[in-house]
file run-v8.cif (mmCIF, C-alpha atoms)
data_upload
loop_
_atom_site.label_atom_id
_atom_site.label_comp_id
_atom_site.auth_asym_id
_atom_site.auth_seq_id
_atom_site.Cartn_x
_atom_site.Cartn_y
_atom_site.Cartn_z
CA MET V 89 75.10 113.32 118.86
CA ASN V 90 72.76 110.64 120.17
CA LEU V 91 72.57 108.13 117.33
CA ASP V 92 71.04 105.19 119.23
CA LEU V 93 74.24 103.18 118.84
CA GLU V 94 74.83 102.21 122.46
CA GLY V 95 76.09 98.61 122.67
CA LYS V 96 76.42 98.14 118.91
CA THR V 97 79.60 96.54 117.59
CA ALA V 98 81.52 98.36 114.86
CA LEU V 99 84.43 96.98 112.86
CA ILE V 100 86.48 99.70 111.14
CA SER V 101 89.21 98.81 108.66
CA GLY V 102 92.12 101.20 108.19
CA SER V 103 91.50 102.81 111.57
CA SER V 104 94.97 103.56 112.95
CA LYS V 105 95.03 107.15 111.67
CA GLY V 106 93.19 109.86 109.72
CA ILE V 107 89.58 109.35 108.71
CA GLY V 108 89.44 105.76 109.98
CA LEU V 109 90.67 106.69 113.46
CA SER V 110 88.21 109.59 113.63
CA ILE V 111 85.35 107.25 112.69
CA ALA V 112 86.43 104.76 115.33
CA THR V 113 86.65 107.52 117.95
CA CYS V 114 83.23 108.90 117.00
CA LEU V 115 81.55 105.49 117.18
CA HIS V 116 83.29 104.76 120.47
CA ASN V 117 81.97 108.04 121.88
CA GLU V 118 78.49 107.02 120.73
CA GLY V 119 78.73 103.89 122.90
CA CYS V 120 79.79 101.30 120.34
CA ASN V 121 82.08 98.38 120.92
CA VAL V 122 84.86 99.13 118.46
CA VAL V 123 87.31 96.83 116.68
CA LEU V 124 90.25 98.67 115.18
CA ASN V 125 92.18 97.36 112.19
CA SER V 126 95.28 98.18 110.19
CA ARG V 127 98.56 96.46 109.37
CA ASN V 128 100.34 98.30 112.21
CA SER V 129 99.72 96.41 115.44
CA ASN V 130 101.80 98.81 117.57
CA SER V 131 99.63 101.82 116.69
CA LEU V 132 96.45 99.81 117.15
CA LYS V 133 97.51 98.61 120.58
CA LYS V 134 98.14 102.13 121.86
CA ILE V 135 94.85 103.45 120.50
CA SER V 136 92.89 100.51 121.89
CA GLU V 137 94.42 100.90 125.34
CA ASN V 138 93.53 104.59 125.39
CA MET V 139 89.92 103.91 124.39
CA GLY V 140 89.35 101.27 127.04
CA SER V 141 87.63 97.92 127.51
CA THR V 142 84.95 98.38 124.86
CA THR V 143 87.67 98.52 122.20
CA SER V 144 89.73 95.76 120.64
CA TYR V 145 92.13 95.55 117.72
CA PHE V 146 93.37 93.09 115.13
CA SER V 147 96.21 93.60 112.69
CA ALA V 148 95.31 92.34 109.22
CA ASP V 149 95.82 93.14 105.55
CA VAL V 150 92.24 93.25 104.28
CA THR V 151 93.32 92.94 100.65
CA LYS V 152 93.88 89.28 101.58
CA ASN V 153 90.72 87.23 102.05
CA SER V 154 92.27 84.85 104.56
CA GLN V 155 93.23 87.73 106.84
CA CYS V 156 89.75 89.25 106.55
CA LYS V 157 88.34 85.97 107.81
CA LYS V 158 90.60 86.10 110.87
CA LEU V 159 89.67 89.75 111.52
CA VAL V 160 85.95 88.99 111.38
CA ASN V 161 86.35 85.92 113.59
CA HIS V 162 88.23 88.00 116.15
CA THR V 163 85.44 90.60 116.19
CA ILE V 164 82.71 88.02 116.68
CA LYS V 165 84.68 86.16 119.35
CA LYS V 166 85.30 89.40 121.24
CA PHE V 167 81.89 91.08 120.99
CA GLY V 168 79.48 88.44 119.64
CA ASN V 169 78.47 89.99 116.32
CA ILE V 170 78.96 92.83 113.84
CA ASP V 171 76.32 95.56 113.66
CA ILE V 172 78.34 98.15 111.73
CA LEU V 173 81.05 97.59 109.15
CA ILE V 174 83.15 100.55 108.03
CA CYS V 175 85.36 99.83 105.00
CA ASN V 176 87.96 102.56 105.05
CA VAL V 177 91.10 101.06 103.50
CA GLY V 178 92.24 103.03 100.48
CA ASP V 179 95.25 104.62 98.83
CA GLY V 180 95.72 106.94 95.87
CA LYS V 181 99.46 106.67 95.34
CA SER V 182 100.01 105.80 91.69
CA PRO V 183 101.90 107.25 88.69
CA LYS V 184 100.95 110.46 86.91
CA PRO V 185 98.47 110.29 83.99
CA GLY V 186 100.06 108.65 80.98
CA GLU V 187 102.66 106.81 83.05
CA GLU V 188 100.41 104.09 84.46
CA LYS V 189 101.03 100.40 83.97
CA LEU V 190 98.57 97.53 84.24
CA SER V 191 100.18 96.61 87.54
CA ASP V 192 99.29 100.05 88.92
CA LEU V 193 95.64 99.56 88.03
CA LYS V 194 95.60 96.12 89.63
CA LYS V 195 97.19 97.53 92.79
CA MET V 196 94.63 100.32 93.06
CA PHE V 197 91.74 97.90 92.59
CA ASP V 198 93.19 95.60 95.22
CA ILE V 199 93.50 98.38 97.79
CA ASN V 200 90.42 100.47 97.01
CA LEU V 201 87.88 97.87 95.88
CA ASN V 202 88.93 94.33 96.74
CA SER V 203 89.73 95.23 100.34
CA THR V 204 86.08 96.25 100.74
CA VAL V 205 84.61 93.29 98.87
CA ASN V 206 86.73 90.85 100.89
CA LEU V 207 85.68 92.31 104.23
CA ILE V 208 82.01 92.54 103.35
CA THR V 209 81.97 88.97 102.06
CA GLU V 210 83.45 87.63 105.29
CA SER V 211 81.19 89.81 107.46
CA LEU V 212 77.92 88.96 105.73
CA PRO V 213 76.87 86.01 107.91
CA SER V 214 77.07 88.20 111.02
CA LEU V 215 75.56 91.26 109.33
CA LYS V 216 72.58 89.16 108.21
CA LYS V 217 71.93 88.23 111.84
CA THR V 218 71.99 91.84 113.00
CA SER V 219 70.45 93.50 109.92
CA GLY V 220 73.62 95.53 109.97
CA SER V 221 74.86 98.64 108.24
CA ILE V 222 77.86 99.00 105.92
CA VAL V 223 79.56 102.29 105.08
CA CYS V 224 82.38 102.43 102.55
CA ILE V 225 84.75 105.39 102.38
CA SER V 226 85.12 106.34 98.72
CA SER V 227 86.16 109.62 97.07
CA ILE V 228 84.81 112.36 94.83
CA ALA V 229 87.46 111.12 92.38
CA GLY V 230 85.14 108.19 91.73
CA ILE V 231 82.28 110.50 90.77
CA GLU V 232 83.76 113.25 88.61
CA ILE V 233 87.08 113.94 86.91
CA THR V 234 89.55 115.49 89.36
CA ASP V 235 93.31 115.82 89.49
CA ALA V 236 93.58 112.46 91.25
CA PRO V 237 95.56 109.63 89.61
CA ILE V 238 93.58 107.72 86.99
CA PRO V 239 93.96 104.21 88.50
CA TYR V 240 92.76 105.52 91.87
CA SER V 241 89.80 107.32 90.32
CA ILE V 242 88.74 104.25 88.33
CA ALA V 243 88.98 102.04 91.41
CA LYS V 244 86.85 104.42 93.48
CA SER V 245 84.31 104.60 90.65
CA ALA V 246 84.13 100.82 90.74
CA LEU V 247 83.64 100.94 94.51
CA ASN V 248 80.73 103.36 94.09
CA SER V 249 79.17 101.02 91.52
CA TYR V 250 79.63 98.08 93.88
CA VAL V 251 77.80 99.93 96.64
CA LYS V 252 74.89 100.88 94.39
CA ASN V 253 74.53 97.44 92.82
CA SER V 254 74.81 95.63 96.16
CA SER V 255 72.13 97.66 97.90
CA LYS V 256 69.08 95.77 96.62
CA PRO V 257 70.39 92.23 97.21
CA LEU V 258 71.60 93.19 100.69
CA ALA V 259 68.30 94.91 101.54
CA LYS V 260 66.61 91.51 101.38
CA PHE V 261 68.53 90.67 104.55
CA GLY V 262 67.85 94.04 106.18
CA ILE V 263 71.40 95.19 105.50
CA ARG V 264 72.05 98.77 104.36
CA ILE V 265 75.13 99.77 102.36
CA ASN V 266 76.20 103.31 101.56
CA ALA V 267 79.38 105.18 100.71
CA ILE V 268 80.81 108.50 101.78
CA ALA V 269 82.78 110.36 99.10
CA PRO V 270 85.08 112.90 100.78
CA GLY V 271 86.77 115.73 99.00
CA ASN V 272 90.05 117.23 100.22
CA ILE V 273 90.59 116.13 103.83
CA LEU V 274 93.56 117.46 105.77
CA PHE V 275 95.14 115.63 108.71
CA LYS V 276 98.59 114.81 110.03
CA GLY V 277 100.39 112.55 107.58
CA SER V 278 97.85 113.08 104.81
CA VAL V 279 98.75 113.65 101.18
CA TRP V 280 97.44 117.20 101.52
CA GLU V 281 99.79 117.94 104.42
CA LYS V 282 102.69 116.87 102.21
CA LYS V 283 101.44 118.96 99.29
CA LEU V 284 101.07 122.01 101.53
CA GLN V 285 104.64 121.60 102.72
CA LYS V 286 105.85 121.34 99.13
CA ASN V 287 103.90 124.24 97.61
CA LYS V 288 101.47 125.93 100.00
CA THR V 289 100.60 128.81 97.66
CA ARG V 290 99.64 126.52 94.79
CA VAL V 291 97.53 124.25 97.00
CA LEU V 292 95.62 127.08 98.67
CA ASP V 293 95.01 128.67 95.27
CA MET V 294 93.49 125.40 94.05
CA ILE V 295 91.27 125.16 97.14
CA SER V 296 90.13 128.76 96.65
CA LYS V 297 89.20 128.19 93.01
CA LYS V 298 87.63 124.73 93.22
CA VAL V 299 86.07 124.39 96.69
CA ALA V 300 83.03 126.56 97.35
CA MET V 301 83.65 126.64 101.11
CA ASN V 302 87.29 127.62 100.46
CA ARG V 303 88.85 125.21 102.95
CA PHE V 304 89.88 121.63 103.60
CA GLY V 305 87.59 119.19 105.34
CA THR V 306 88.50 117.45 108.60
CA PRO V 307 88.46 113.74 109.47
CA GLU V 308 85.96 114.55 112.23
CA GLU V 309 83.49 115.94 109.70
CA ILE V 310 83.66 112.73 107.68
CA ALA V 311 83.39 110.68 110.86
CA ASN V 312 80.23 112.46 112.01
CA LEU V 313 78.54 111.88 108.65
CA THR V 314 79.66 108.25 108.58
CA ALA V 315 78.32 107.59 112.08
CA PHE V 316 74.96 109.11 111.18
CA VAL V 317 74.65 107.08 107.98
CA ALA V 318 75.58 103.91 109.86
CA SER V 319 73.05 104.59 112.61
CA PRO V 320 69.33 103.76 112.93
CA LEU V 321 68.59 107.44 112.33
CA ALA V 322 69.39 106.80 108.64
CA SER V 323 67.39 103.56 108.51
CA PHE V 324 65.75 104.39 105.14
CA VAL V 325 69.03 105.26 103.40
CA THR V 326 70.79 102.68 101.27
CA GLY V 327 72.65 102.48 97.95
CA ASN V 328 73.75 106.11 98.17
CA ILE V 329 77.08 107.83 97.58
CA LEU V 330 77.02 110.82 99.92
CA VAL V 331 79.40 113.62 98.99
CA ALA V 332 81.26 115.65 101.62
CA ASP V 333 83.55 117.98 99.72
CA GLY V 334 82.74 121.57 100.66
CA GLY V 335 80.98 122.11 97.33
CA GLN V 336 83.76 121.08 94.99
CA ILE V 337 82.00 118.90 92.42
CA HIS V 338 78.50 120.37 92.53
#
call {"tool": "encode", "arguments": {"input": "run-v8.cif", "output": "structure tokens"}}
result
Amino acid sequence: MNLDLEGKTALISGSSKGIGLSIATCLHNEGCNVVLNSRNSNSLKKISENMGSTTSYFSADVTKNSQCKKLVNHTIKKFGNIDILICNVGDGKSPKPGEEKLSDLKKMFDINLNSTVNLITESLPSLKKTSGSIVCISSIAGIEITDAPIPYSIAKSALNSYVKNSSKPLAKFGIRINAIAPGNILFKGSVWEKKLQKNKTRVLDMISKKVAMNRFGTPEEIANLTAFVASPLASFVTGNILVADGGQIH
């Protein structure tokens, strides 16, 4: 792709593996300066070294506002500004329906919503200067009822609402905000890899019945869509939740 992103600076949270790493790689290949983030500094260091001089990294827990501030300051100090912010931190591990506690709901909101709000809040001064673009990685579980845990689904629904409701206020500063809602994405270490190892027949039967394209998605497919939405080629797109699920919920 040629997305007119050469020289732009992209900060990607949760980018040491899976979808986040694929997004970082895609944006790097498009000519962006990339700042990687996760809580695992060893993984980040290796990835950054492989990508080269236009890549940096900063280990931070973005559910904590103080650490978000340090991450943003590192990005600005290294590359001067933030043009693209990708909020990818998320986790769906919570008890089965009917077994949830209030603490589980709070945890899911912290990871799947507050991590995004914290990072956007700290990045806003820079994004206002660049008329930047924000893309949040959500889930189809936040749009329709799926088999996903309830606390996770509610938190992703809240994230989708945050994106929609933030779009008009942010547009006053030339900032776009959108979300990508993936369906079932398979990669090494993913929940779907573990489920396949546990009961392959059951999982493939579910995919066959529920997903029109009868397959899993890949992190690269989500990354390509994310890069496009973040780019100037999607300059009239904001406040949208774009579904990439192989036809599961439509």
call {"tool": "closest_residue", "arguments": {"input": "run-v8.cif", "among": "V:Lys276, V:Ser191, V:Thr326, V:Leu284", "to": "Pro257 of chain V", "atoms": "all atoms listed in the file"}}
result
V:Thr326
call {"tool": "atom_distance", "arguments": {"input": "run-v8.cif", "atom1": "atom CA of Ala243 of chain V", "atom2": "atom CA of His338 of chain V"}}
result
21.1 Å
call {"tool": "atom_distance", "arguments": {"input": "run-v8.cif", "atom1": "atom CA of Asn312 of chain V", "atom2": "atom CA of Ile238 of chain V"}}
result
28.8 Å
call {"tool": "atom_distance", "arguments": {"input": "run-v8.cif", "atom1": "atom CA of Ala236 of chain V", "atom2": "atom CA of Ser126 of chain V"}}
result
23.8 Å
call {"tool": "closest_residue", "arguments": {"input": "run-v8.cif", "among": "V:Ser136, V:Glu281, V:Ile273, V:Gln336", "to": "Met294 of chain V", "atoms": "only C-alpha atoms"}}
result
V:Gln336
call {"tool": "resolve_selection", "arguments": {"input": "run-v8.cif", "expression": "the PyMOL selection byres ((chain V and resi 201) around 9)", "output": "VMD selection string"}}
result
chain V and resid 151 177 to 178 196 to 200 202 to 206 243 to 244 246 to 247 250
call {"tool": "resolve_selection", "arguments": {"input": "run-v8.cif", "expression": "the PyMOL selection byres ((chain V and resi 265) around 9)", "output": "ChimeraX atom specification"}}
result
/V:220-224,251-252,254-255,258-259,263-264,266-267,318,325-328
call {"tool": "resolve_selection", "arguments": {"input": "run-v8.cif", "expression": "the PyMOL selection byres ((chain V and resi 132) around 12)", "output": "ChimeraX atom specification"}}
result
/V:100-105,108-109,112,122-131,133-139,143-148
call {"tool": "closest_residue", "arguments": {"input": "run-v8.cif", "among": "V:Gly106, V:Gly262, V:Pro185, V:Pro307", "to": "Tyr240 of chain V", "atoms": "all atoms listed in the file"}}
result
V:Pro185
call {"tool": "closest_residue", "arguments": {"input": "run-v8.cif", "among": "V:Asn272, V:Leu330, V:Ile310, V:Ser319", "to": "Leu292 of chain V", "atoms": "only C-alpha atoms"}}
result
V:Asn272
call {"tool": "closest_residue", "arguments": {"input": "run-v8.cif", "among": "V:Glu94, V:Asp171, V:Asp235, V:Asp179", "to": "Lys216 of chain V", "atoms": "all atoms listed in the file"}}
result
V:Asp171
call {"tool": "closest_residue", "arguments": {"input": "run-v8.cif", "among": "V:Ser227, V:Asn302, V:Pro239, V:Gly271", "to": "Ile329 of chain V", "atoms": "all atoms listed in the file"}}
result
V:Ser227
call {"tool": "axis_aligned_box", "arguments": {"input": "run-v8.cif", "around": "segment 202-221 of chain V", "padding_each_side": "4 Å", "output": "lines of an AutoDock Vina configuration file"}}
result
center_x = 80.1
center_y = 92.3
center_z = 104.9
size_x = 27.3
size_y = 20.6
size_z = 24.3
call {"tool": "closest_atom_pairs", "arguments": {"input": "run-v8.cif", "of": "segment 144-171 of chain V", "to": "segment 209-213 of chain V", "cutoff": "8 Å", "atoms": "only C-alpha atoms", "output": "tab-separated table"}}
result
residue	atom	partner	partner_atom	distance
V:Asn153	CA	V:Glu210	CA	8.0
V:Cys156	CA	V:Glu210	CA	6.6
V:Lys157	CA	V:Glu210	CA	5.7
V:Val160	CA	V:Ser211	CA	6.2
V:Ile170	CA	V:Ser211	CA	7.4
call {"tool": "write_last_selection", "arguments": {"input": "run-v8.cif", "atoms": "C-alpha atoms", "output": "tab-separated table (two decimals), keeping the file's coordinate frame"}}
result
chain	number	residue	atom	x	y	z
V	153	ASN	CA	90.72	87.23	102.05
V	156	CYS	CA	89.75	89.25	106.55
V	157	LYS	CA	88.34	85.97	107.81
V	160	VAL	CA	85.95	88.99	111.38
V	170	ILE	CA	78.96	92.83	113.84
